[in-house]
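Visitor: Contents of protein05.cif (mmCIF, C-alpha atoms):
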```cif
data_model
#
loop_
_atom_site.label_atom_id
_atom_site.label_comp_id
_atom_site.auth_asym_id
_atom_site.auth_seq_id
_atom_site.Cartn_x
_atom_site.Cartn_y
_atom_site.Cartn_z
CA MET A 1 99.27 -143.46 32.33
CA SER A 2 99.55 -144.36 36.00
CA ASN A 3 96.73 -144.34 38.51
CA TYR A 4 98.31 -141.98 41.03
CA SER A 5 95.39 -141.96 43.45
CA GLU A 6 95.75 -145.68 44.20
CA LYS A 7 99.45 -145.26 45.02
CA GLN A 8 99.09 -142.29 47.33
CA SER A 9 100.32 -143.06 50.83
CA LYS A 10 100.35 -139.67 52.58
CA THR A 11 101.76 -136.21 52.10
CA ILE A 12 105.38 -136.35 53.21
CA GLY A 13 107.92 -133.78 54.35
CA LYS A 14 107.74 -130.65 56.47
CA GLN A 15 107.89 -126.98 55.55
CA VAL A 16 111.17 -125.31 56.57
CA LEU A 17 110.88 -122.02 54.67
CA PHE A 18 108.02 -120.16 52.98
CA LEU A 19 108.86 -117.03 50.99
CA GLN A 20 105.62 -115.10 50.68
CA THR A 21 105.16 -112.13 48.38
CA SER A 22 104.28 -108.59 49.37
CA GLU A 23 103.49 -105.21 47.82
CA GLU A 24 107.22 -104.63 47.30
CA ASN A 25 107.98 -108.19 46.17
CA CYS A 26 105.51 -109.63 43.67
CA ARG A 27 107.03 -113.10 43.04
CA ASN A 28 109.64 -115.46 44.51
CA GLY A 29 110.83 -118.55 42.74
CA GLU A 30 112.99 -120.59 40.32
CA GLY A 31 115.57 -121.44 42.93
CA ALA A 32 118.54 -123.77 43.41
CA PHE A 33 120.66 -125.10 46.29
CA VAL A 34 124.39 -125.62 46.80
CA ARG A 35 126.55 -126.92 49.65
CA LEU A 36 129.07 -124.32 50.86
CA LYS A 37 132.58 -125.09 52.06
CA ASP A 38 131.66 -124.16 55.64
CA ASN A 39 128.94 -126.84 55.43
CA GLY A 40 126.11 -124.34 55.05
CA ILE A 41 123.46 -124.68 52.36
CA LEU A 42 122.87 -121.67 50.11
CA PHE A 43 119.45 -121.35 48.48
CA ALA A 44 119.27 -118.72 45.72
CA PHE A 45 116.12 -117.63 43.89
CA SER A 46 114.62 -115.03 41.57
CA GLU A 47 113.14 -112.20 43.64
CA PHE A 48 110.75 -110.12 41.52
CA LEU A 49 110.43 -106.55 42.77
CA LYS A 50 108.17 -104.51 40.51
CA GLY A 51 105.19 -105.28 38.33
CA THR A 52 102.71 -108.13 38.63
CA GLY A 53 105.12 -111.05 38.71
CA ARG A 54 105.32 -111.76 35.00
CA ASP A 55 108.44 -113.37 33.55
CA HIS A 56 109.67 -110.05 32.16
CA ASP A 57 109.18 -107.92 35.26
CA GLU A 58 112.16 -106.60 37.22
CA ALA A 59 113.96 -109.17 39.34
CA ARG A 60 117.23 -109.82 41.16
CA VAL A 61 118.94 -112.90 42.59
CA SER A 62 118.65 -113.22 46.37
CA GLY A 63 119.44 -116.00 48.79
CA PHE A 64 119.32 -117.56 52.24
CA VAL A 65 121.83 -119.79 54.05
CA SER A 66 121.07 -122.64 56.46
CA TYR A 67 123.63 -124.06 58.90
CA ASP A 68 121.44 -126.81 60.34
CA GLU A 69 120.68 -128.90 57.26
CA GLY A 70 117.71 -126.82 56.17
CA GLU A 71 115.86 -126.68 59.48
CA THR A 72 116.22 -122.89 59.79
CA TRP A 73 117.43 -120.16 57.44
CA GLY A 74 119.28 -116.91 58.06
CA GLU A 75 118.50 -113.42 56.86
CA LYS A 76 117.88 -112.82 53.17
CA ARG A 77 120.75 -111.28 51.22
CA VAL A 78 121.02 -110.00 47.66
CA LEU A 79 123.57 -112.00 45.64
CA PHE A 80 123.59 -109.74 42.56
CA THR A 81 121.32 -107.57 40.43
CA LYS A 82 120.55 -107.28 36.74
CA GLY A 83 122.74 -105.48 34.24
CA GLU A 84 122.03 -101.83 33.56
CA ASP A 85 120.45 -102.52 30.16
CA ALA A 86 118.51 -105.63 31.25
CA ILE A 87 114.92 -105.89 32.43
CA ASN A 88 115.44 -108.86 34.74
CA ILE A 89 117.48 -111.89 35.76
CA MET A 90 116.01 -115.24 36.75
CA SER A 91 116.22 -119.05 36.90
CA VAL A 92 119.45 -119.93 38.70
CA SER A 93 121.53 -123.12 38.74
CA PHE A 94 124.65 -123.84 40.81
CA LEU A 95 127.78 -125.84 39.98
CA ARG A 96 131.01 -126.37 41.90
CA LEU A 97 134.03 -125.81 39.62
CA LYS A 98 137.15 -127.98 39.67
CA ASN A 99 139.26 -125.25 41.25
CA GLY A 100 136.83 -125.04 44.15
CA SER A 101 135.09 -121.84 43.05
CA LEU A 102 131.32 -121.62 42.90
CA ALA A 103 129.51 -120.96 39.60
CA ILE A 104 125.95 -119.71 39.23
CA PHE A 105 124.05 -119.86 35.92
CA TYR A 106 121.04 -117.71 35.05
CA GLY A 107 119.15 -115.95 32.28
CA GLU A 108 119.13 -112.19 31.72
CA LYS A 109 116.36 -110.60 29.65
CA TYR A 110 116.36 -107.46 27.51
CA LYS A 111 113.71 -105.40 25.72
CA SER A 112 114.41 -103.83 22.34
CA SER A 113 113.06 -100.51 21.08
CA GLU A 114 110.62 -102.54 18.97
CA GLY A 115 109.26 -104.23 22.07
CA LEU A 116 110.91 -107.60 21.46
CA ILE A 117 112.19 -109.57 24.46
CA THR A 118 115.55 -111.29 24.00
CA ASP A 119 117.82 -112.98 26.50
CA LYS A 120 121.28 -114.33 27.19
CA MET A 121 122.39 -117.22 29.39
CA TYR A 122 125.28 -116.37 31.70
CA LEU A 123 127.43 -117.75 34.48
CA ARG A 124 129.26 -115.87 37.20
CA VAL A 125 131.99 -117.28 39.43
CA SER A 126 132.51 -116.64 43.13
CA ALA A 127 135.79 -117.29 44.94
CA ASP A 128 134.30 -116.46 48.36
CA GLU A 129 131.32 -118.84 48.51
CA GLY A 130 128.74 -116.48 47.07
CA LYS A 131 129.59 -113.31 48.97
CA SER A 132 130.72 -111.63 45.74
CA TRP A 133 130.56 -112.59 42.07
CA GLY A 134 132.76 -112.01 39.04
CA GLU A 135 131.81 -110.67 35.64
CA ALA A 136 129.10 -112.41 33.64
CA VAL A 137 130.28 -114.89 30.98
CA CYS A 138 127.88 -115.91 28.19
CA CYS A 139 127.40 -119.69 28.16
CA PHE A 140 124.94 -119.93 25.23
CA PRO A 141 126.21 -117.71 22.39
CA VAL A 142 123.00 -117.68 20.32
CA ASP A 143 120.85 -114.58 19.84
CA GLY A 144 117.09 -114.72 20.39
CA TYR A 145 114.64 -115.81 23.05
CA HIS A 146 115.55 -119.02 24.88
CA VAL A 147 114.92 -120.62 28.28
CA LEU A 148 117.31 -122.18 30.79
CA ASN A 149 115.31 -123.50 33.74
CA ASN A 150 116.40 -123.32 37.35
CA ASP A 151 118.50 -126.15 38.82
CA ARG A 152 119.29 -127.64 35.39
CA VAL A 153 123.04 -127.36 34.75
CA ILE A 154 124.96 -130.60 35.38
CA ARG A 155 128.52 -131.88 35.22
CA LEU A 156 128.94 -135.17 33.38
CA ALA A 157 131.08 -138.02 34.69
CA GLY A 158 133.90 -137.08 32.31
CA GLY A 159 133.98 -133.46 33.50
CA ARG A 160 131.96 -131.78 30.72
CA ILE A 161 129.43 -129.14 31.82
CA LEU A 162 126.10 -129.61 30.04
CA VAL A 163 123.48 -126.83 29.77
CA PRO A 164 120.04 -127.73 28.29
CA ILE A 165 118.24 -124.86 26.53
CA ALA A 166 114.75 -124.49 25.04
CA MET A 167 114.98 -122.44 21.83
CA HIS A 168 111.91 -120.38 20.97
CA SER A 169 112.97 -117.54 18.67
CA LEU A 170 116.12 -116.33 16.93
CA THR A 171 114.86 -112.75 16.74
CA GLY A 172 113.06 -112.25 20.04
CA PHE A 173 109.63 -112.70 21.56
CA GLN A 174 106.78 -110.23 21.90
CA SER A 175 103.97 -110.91 24.35
CA GLY A 176 100.83 -112.05 22.55
CA THR A 177 102.66 -113.37 19.50
CA ARG A 178 103.62 -116.89 18.50
CA PHE A 179 107.10 -118.24 18.93
CA SER A 180 108.97 -118.18 15.62
CA LEU A 181 110.69 -121.58 15.96
CA PRO A 182 109.21 -125.05 16.05
CA GLY A 183 109.73 -126.59 19.47
CA SER A 184 113.39 -127.42 19.91
CA VAL A 185 116.00 -128.26 22.55
CA ALA A 186 119.66 -127.29 22.21
CA PHE A 187 122.72 -127.90 24.37
CA SER A 188 125.71 -125.79 25.27
CA VAL A 189 128.83 -127.51 26.63
CA SER A 190 132.12 -126.55 28.21
CA ASP A 191 135.10 -128.91 28.38
CA ASP A 192 137.39 -126.44 30.19
CA ASP A 193 135.30 -125.84 33.31
CA GLY A 194 133.31 -122.90 32.01
CA LYS A 195 136.07 -120.86 30.37
CA SER A 196 134.74 -121.42 26.84
CA TRP A 197 131.46 -122.69 25.44
CA ARG A 198 130.27 -124.52 22.33
CA VAL A 199 126.72 -125.12 21.11
CA ILE A 200 126.24 -128.74 20.04
CA PRO A 201 125.04 -128.89 16.39
CA THR A 202 122.38 -131.52 17.12
CA VAL A 203 119.02 -129.91 17.95
CA ILE A 204 116.06 -131.95 19.22
CA ARG A 205 112.90 -130.80 17.45
CA SER A 206 109.22 -131.26 18.11
CA PRO A 207 107.63 -134.15 16.16
CA PHE A 208 104.50 -132.08 15.63
CA HIS A 209 103.84 -129.05 13.43
CA ASP A 210 102.29 -126.73 15.98
CA ASN A 211 103.23 -123.91 18.29
CA VAL A 212 103.30 -125.96 21.49
CA GLN A 213 107.06 -126.34 21.50
CA LEU A 214 109.38 -128.52 23.48
CA GLN A 215 109.88 -126.52 26.63
CA GLU A 216 112.00 -126.38 29.78
CA PRO A 217 114.36 -129.34 29.27
CA GLY A 218 116.30 -131.08 32.01
CA VAL A 219 119.08 -133.67 31.96
CA TYR A 220 120.20 -136.56 34.18
CA GLN A 221 123.20 -138.84 33.67
CA HIS A 222 122.75 -142.50 34.54
CA GLU A 223 125.52 -144.49 36.19
CA ASP A 224 126.32 -146.17 32.85
CA GLY A 225 126.96 -142.76 31.25
CA LYS A 226 123.75 -142.50 29.23
CA ILE A 227 122.13 -139.04 29.46
CA TRP A 228 118.37 -138.75 29.83
CA MET A 229 116.75 -135.54 28.56
CA TRP A 230 113.12 -134.75 29.36
CA CYS A 231 111.07 -131.67 28.49
CA ARG A 232 107.72 -130.10 29.15
CA THR A 233 105.07 -130.31 26.41
CA LYS A 234 101.31 -129.89 25.91
CA TYR A 235 101.07 -133.45 24.69
CA GLY A 236 99.96 -134.87 28.04
CA CYS A 237 103.38 -135.97 29.31
CA GLN A 238 107.07 -135.19 29.40
CA TYR A 239 108.89 -136.13 26.18
CA MET A 240 112.33 -137.76 26.34
CA ALA A 241 115.50 -138.37 24.33
CA PHE A 242 118.82 -140.05 25.16
CA SER A 243 122.49 -139.54 24.42
CA GLU A 244 125.37 -142.02 24.77
CA ASP A 245 128.14 -139.66 23.65
CA ASP A 246 128.04 -136.85 26.24
CA GLY A 247 125.30 -134.95 24.44
CA GLU A 248 126.79 -134.78 20.94
CA THR A 249 123.94 -136.79 19.38
CA TRP A 250 120.49 -137.75 20.63
CA SER A 251 117.94 -140.49 20.04
CA ASP A 252 114.54 -139.81 18.50
CA LEU A 253 112.13 -138.02 20.80
CA GLU A 254 109.59 -140.25 22.54
CA PRO A 255 106.75 -139.76 25.04
CA GLY A 256 107.46 -140.52 28.69
CA LEU A 257 103.95 -141.72 29.45
CA PHE A 258 104.63 -142.41 33.12
CA PHE A 259 105.52 -138.75 33.64
CA SER A 260 102.14 -137.29 32.71
CA SER A 261 102.14 -133.52 32.81
CA PRO A 262 99.73 -130.56 32.41
CA THR A 263 102.31 -128.38 30.59
CA SER A 264 104.54 -128.20 33.63
CA PRO A 265 108.26 -128.83 34.25
CA MET A 266 109.81 -131.84 35.99
CA GLN A 267 113.07 -132.22 37.90
CA VAL A 268 115.11 -135.42 38.36
CA LYS A 269 118.14 -135.83 40.63
CA ARG A 270 120.09 -138.51 42.41
CA ALA A 271 119.78 -138.51 46.20
CA GLY A 272 121.93 -141.14 47.88
CA ASN A 273 120.95 -144.52 46.46
CA ARG A 274 117.69 -143.16 45.07
CA THR A 275 116.72 -141.21 41.99
CA LEU A 276 113.95 -138.66 42.61
CA ALA A 277 111.53 -137.22 40.05
CA VAL A 278 109.39 -134.29 41.23
CA PHE A 279 106.56 -133.30 38.89
CA ASN A 280 102.84 -132.60 38.47
CA PRO A 281 101.04 -135.72 37.23
CA ILE A 282 97.68 -135.49 35.55
CA PRO A 283 95.46 -136.95 38.30
CA GLU A 284 92.75 -139.55 37.85
CA TYR A 285 89.88 -137.27 38.81
CA CYS A 286 88.09 -135.36 36.04
CA GLY A 287 86.61 -131.90 35.76
CA ARG A 288 89.75 -129.89 36.46
CA ASP A 289 88.90 -126.26 37.24
CA ARG A 290 91.78 -123.97 36.25
CA ALA A 291 90.26 -121.14 38.31
CA ARG A 292 90.53 -123.31 41.45
CA GLU A 293 93.64 -125.26 40.46
CA PRO A 294 96.23 -122.75 39.19
CA TRP A 295 97.35 -123.83 35.72
CA GLY A 296 96.46 -127.43 36.60
CA ARG A 297 99.74 -127.78 38.50
CA THR A 298 98.44 -129.88 41.36
CA PRO A 299 99.17 -132.32 42.91
CA LEU A 300 102.97 -132.27 43.25
CA VAL A 301 104.48 -135.74 43.65
CA CYS A 302 107.88 -137.34 44.16
CA ALA A 303 108.47 -140.60 42.29
CA VAL A 304 111.31 -142.67 43.72
CA SER A 305 113.59 -145.13 41.91
CA THR A 306 116.18 -147.37 43.53
CA ASP A 307 117.66 -148.63 40.23
CA ASP A 308 119.01 -145.32 38.86
CA GLY A 309 115.72 -144.68 37.06
CA LYS A 310 116.95 -146.81 34.20
CA SER A 311 113.58 -147.84 32.73
CA HIS A 312 112.06 -144.33 32.86
CA ASP A 313 108.62 -145.67 33.75
CA GLY A 314 106.66 -147.31 36.56
CA ARG A 315 109.03 -150.25 36.67
CA SER A 316 111.71 -147.93 38.03
CA PHE A 317 109.66 -145.07 39.48
CA GLY A 318 106.89 -147.17 40.99
CA LYS A 319 107.09 -145.63 44.46
CA LEU A 320 105.08 -142.42 44.58
CA PHE A 321 104.63 -139.90 47.36
CA TYR A 322 102.58 -136.73 47.54
CA LEU A 323 104.43 -133.54 48.44
CA GLU A 324 101.36 -131.33 47.93
CA ASP A 325 97.77 -132.39 47.31
CA ASP A 326 95.64 -129.29 47.93
CA ARG A 327 93.63 -128.92 44.71
CA THR A 328 93.04 -125.21 45.32
CA ASN A 329 96.74 -124.38 44.93
CA GLY A 330 99.40 -124.98 42.30
CA TYR A 331 103.05 -126.00 42.60
CA CYS A 332 105.84 -125.99 40.01
CA TYR A 333 109.52 -125.40 39.04
CA PRO A 334 111.04 -127.75 41.63
CA ALA A 335 114.67 -127.78 42.70
CA ILE A 336 116.21 -130.69 44.63
CA PHE A 337 119.09 -130.84 47.12
CA ALA A 338 120.31 -134.17 48.51
CA GLY A 339 121.51 -134.30 52.10
CA GLU A 340 122.93 -137.26 54.00
CA ASP A 341 119.63 -138.51 55.41
CA TYR A 342 117.14 -136.14 53.76
CA PHE A 343 116.41 -134.12 50.66
CA LEU A 344 115.15 -130.57 50.25
CA THR A 345 112.87 -129.51 47.46
CA ALA A 346 111.91 -125.91 46.68
CA TYR A 347 109.04 -124.98 44.39
CA TYR A 348 106.51 -122.29 43.54
CA HIS A 349 103.41 -122.28 45.75
CA SER A 350 100.37 -120.26 44.62
CA ASN A 351 99.56 -119.36 48.26
CA ASP A 352 95.82 -119.04 47.57
CA THR A 353 96.38 -116.29 44.99
CA GLY A 354 95.07 -118.20 41.96
CA HIS A 355 98.42 -117.75 40.22
CA CYS A 356 100.96 -120.52 40.74
CA LEU A 357 104.02 -118.29 40.13
CA ASP A 358 103.76 -116.53 43.47
CA SER A 359 105.53 -117.70 46.63
CA THR A 360 108.23 -120.30 47.20
CA LYS A 361 108.13 -123.16 49.66
CA ILE A 362 111.04 -125.35 50.80
CA LEU A 363 110.12 -128.81 52.01
CA LYS A 364 112.43 -131.15 53.94
CA VAL A 365 111.85 -134.88 53.51
CA MET A 366 113.70 -137.46 55.59
CA TYR A 367 114.69 -140.60 53.69
CA GLU A 368 113.19 -142.64 56.51
CA GLU A 369 109.80 -141.24 55.49
CA LEU A 370 110.23 -142.98 52.16
CA GLU A 371 111.41 -146.19 53.81
CA LYS A 372 108.42 -146.34 56.17
CA THR A 373 105.92 -145.87 53.37
CA GLU A 374 107.61 -147.54 50.41
CA GLY A 375 106.20 -150.65 48.83
#
```
When written as structure tokens, how does the structure in this file appear?

Guide:
Amino acid sequence: MSNYSEKQSKTIGKQVLFLQTSEENCRNGEGAFVRLKDNGILFAFSEFLKGTGRDHDEARVSGFVSYDEGETWGEKRVLFTKGEDAINIMSVSFLRLKNGSLAIFYGEKYKSSEGLITDKMYLRVSADEGKSWGEAVCCFPVDGYHVLNNDRVIRLAGGRILVPIAMHSLTGFQSGTRFSLPGSVAFSVSDDDGKSWRVIPTVIRSPFHDNVQLQEPGVYQHEDGKIWMWCRTKYGCQYMAFSEDDGETWSDLEPGLFFSSPTSPMQVKRAGNRTLAVFNPIPEYCGRDRAREPWGRTPLVCAVSTDDGKSHDGRSFGKLFYLEDDRTNGYCYPAIFAGEDYFLTAYYHSNDTGHCLDSTKILKVMYEELEKTEG
């Protein structure tokens, strides 16, 4: 695995928004960005209202809009709330549809009379740039407990919409129990712009017989059409698989040793002529203290590739920059938005609470910062 400390140049970027929690708002996070038709940027996120900020506490989807390329943000507004029989909604992704409407994807969770947590993955469509939203449409028609991360839904070059899902249980999940499925990644696709959905029969399964699971998958399509899937594990790094037929079949799972990881998600997106990977590497120093470093999710780095990330290792992603390096805080669940001469990244920030799923920070990084310090 890479020696990240030798490659550190400096912490880059500047804070443009920090969403701190309060007594009435116990957690902010799992966000995504989208460009609006009036040239604004909408940032939506999961705003947890009651409880202690656990995944199954009450939440709604709220947002902010910026009209100066992320420098400042307007007043918070509520985009929509959970269904009457749901316990929360969270983890949003945006996609622009072919007819110009805006789609938002998210998960909605439910609690049965037996105490089991189940969920559904939905999309809603807005014809007025997020001011109002249509009825929820299920985009992963499988019962159970599954996970769709924030900022994960992509459109392939041929028009197909691809949704990566971590499958954990076909009956539901109860806190304190083990997941009932071996680690697995599934995919839902739509070839008619979200009107109908099909689950691809091929499922990527964990190579190990344990309860660690393959978790929180993401996907990126290279310029040659090949799709790269990565997922969080407890095996010391992200694991990867590849598809050359729009997600119908996948290669054998393999470790992505360059993308070391302390059981934390990664995000990869194209930004201009670069491919960016934002993740938590396992640093060189030893003696990690989880009480001082929330969940081990520090530092947060951005690895930069100028060849479409095609080798998936240090040969492509050899340029590394620190976004956060304070060992007393944790950072995770990044989202990326590419502007003309900058990118934005939003992520959880533990804000000195000892729990990394707390506040959300948006960082703005100018591409010239990468050019001045690359190499």

Visitor: Go through the shown structure with the PyMOL selection byres ((chain A and resi 367-369) around 8) and write out the matching residues as a VMD selection string.

Guide: chain A and resid 12 to 13 341 to 343 365 to 366 370 to 373

Visitor: Just the residues within 9 Å of segment 93-108 of chain A, please, counting only C-alpha atoms, with nothing from its chain fewer than 5 positions along; format it as a VMD selection string.

Guide: chain A and resid 31 to 37 44 82 to 83 86 to 88 118 to 130 133 139 146 to 155 159 161 193 to 194

Visitor: A:Asp313, A:Phe337, A:Gly158, A:Thr21: which is nearest Ile41 of chain A, counting only C-alpha atoms?

Guide: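 Ranking A:Asp313, A:Phe337, A:Gly158, A:Thr21 by distance to Ile41 of chain A, first place goes to A:Phe337.
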
Visitor: I'd like the neighbourhood of segment 225-240 of chain A as a list of chain:residue names, where a residue qualifies if any of its atoms comes within 6 Å (using only C-alpha atoms), though same-chain residues fewer than 2 positions away should be ignored.

Guide: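 So the residues in contact are A:Leu214, A:Gln215, A:Glu216, A:Pro217, A:Gly218, A:Val219, A:Tyr220, A:Gln221, A:His222, A:Glu223, A:Phe242, A:Ser243, A:Glu244, A:Leu253, A:Glu254, A:Pro255, A:Gly256, A:Leu257, A:Phe259, A:Ser260, A:Ser261, A:Thr263, A:Ser264, A:Pro265.
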
Visitor: I'd like the interatomic distance between atom CA of Pro164 of chain A and atom CA of Pro262 of chain A, to a tenth of an Å.

Guide: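 Between these atoms lies a distance of 20.9 Å.
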
Visitor: Closest to Ile362 of chain A among A:Phe43, A:Trp250, A:Phe140, A:Phe48, using all atoms listed in the file?

Guide: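 Using all atoms listed in the file, Ile362 of chain A sits closest to A:Phe43.
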
Visitor: Which one is closest to Pro299 of chain A: A:His349, A:Asn273, A:Gln267, A:Glu58? Count all atoms listed in the file.

Guide: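 Checking each of A:His349, A:Asn273, A:Gln267, A:Glu58 against Pro299 of chain A, counting all atoms listed in the file, the winner is A:His349.
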
Visitor: Which residues come within 6 Å of segment 197-209 of chain A, counting all atoms listed in the file, excluding same-chain residues fewer than 4 positions away, as an mmCIF file with C-alpha atoms, in the coordinates of the input?

Guide:
```
data_model
loop_
_atom_site.group_PDB
_atom_site.id
_atom_site.type_symbol
_atom_site.label_atom_id
_atom_site.label_comp_id
_atom_site.auth_asym_id
_atom_site.auth_seq_id
_atom_site.Cartn_x
_atom_site.Cartn_y
_atom_site.Cartn_z
ATOM 1 C CA CYS A 139 127.400 -119.690 28.160
ATOM 2 C CA GLY A 183 109.730 -126.590 19.470
ATOM 3 C CA SER A 184 113.390 -127.420 19.910
ATOM 4 C CA VAL A 185 116.000 -128.260 22.550
ATOM 5 C CA ALA A 186 119.660 -127.290 22.210
ATOM 6 C CA PHE A 187 122.720 -127.900 24.370
ATOM 7 C CA SER A 188 125.710 -125.790 25.270
ATOM 8 C CA VAL A 189 128.830 -127.510 26.630
ATOM 9 C CA SER A 190 132.120 -126.550 28.210
ATOM 10 C CA THR A 249 123.940 -136.790 19.380
#
```

Visitor: Could you please give me, as JSON, numbers by chain, the residues of protein, DNA or RNA lying at most 12 Å from (120.4, -105.6, 43.8) in the coordinate frame of the file, considering all atoms listed in the file?

Guide: {"A": [46, 47, 48, 49, 58, 59, 60, 61, 62, 63, 77, 78, 79, 80, 81, 82, 83, 84, 88, 89]}
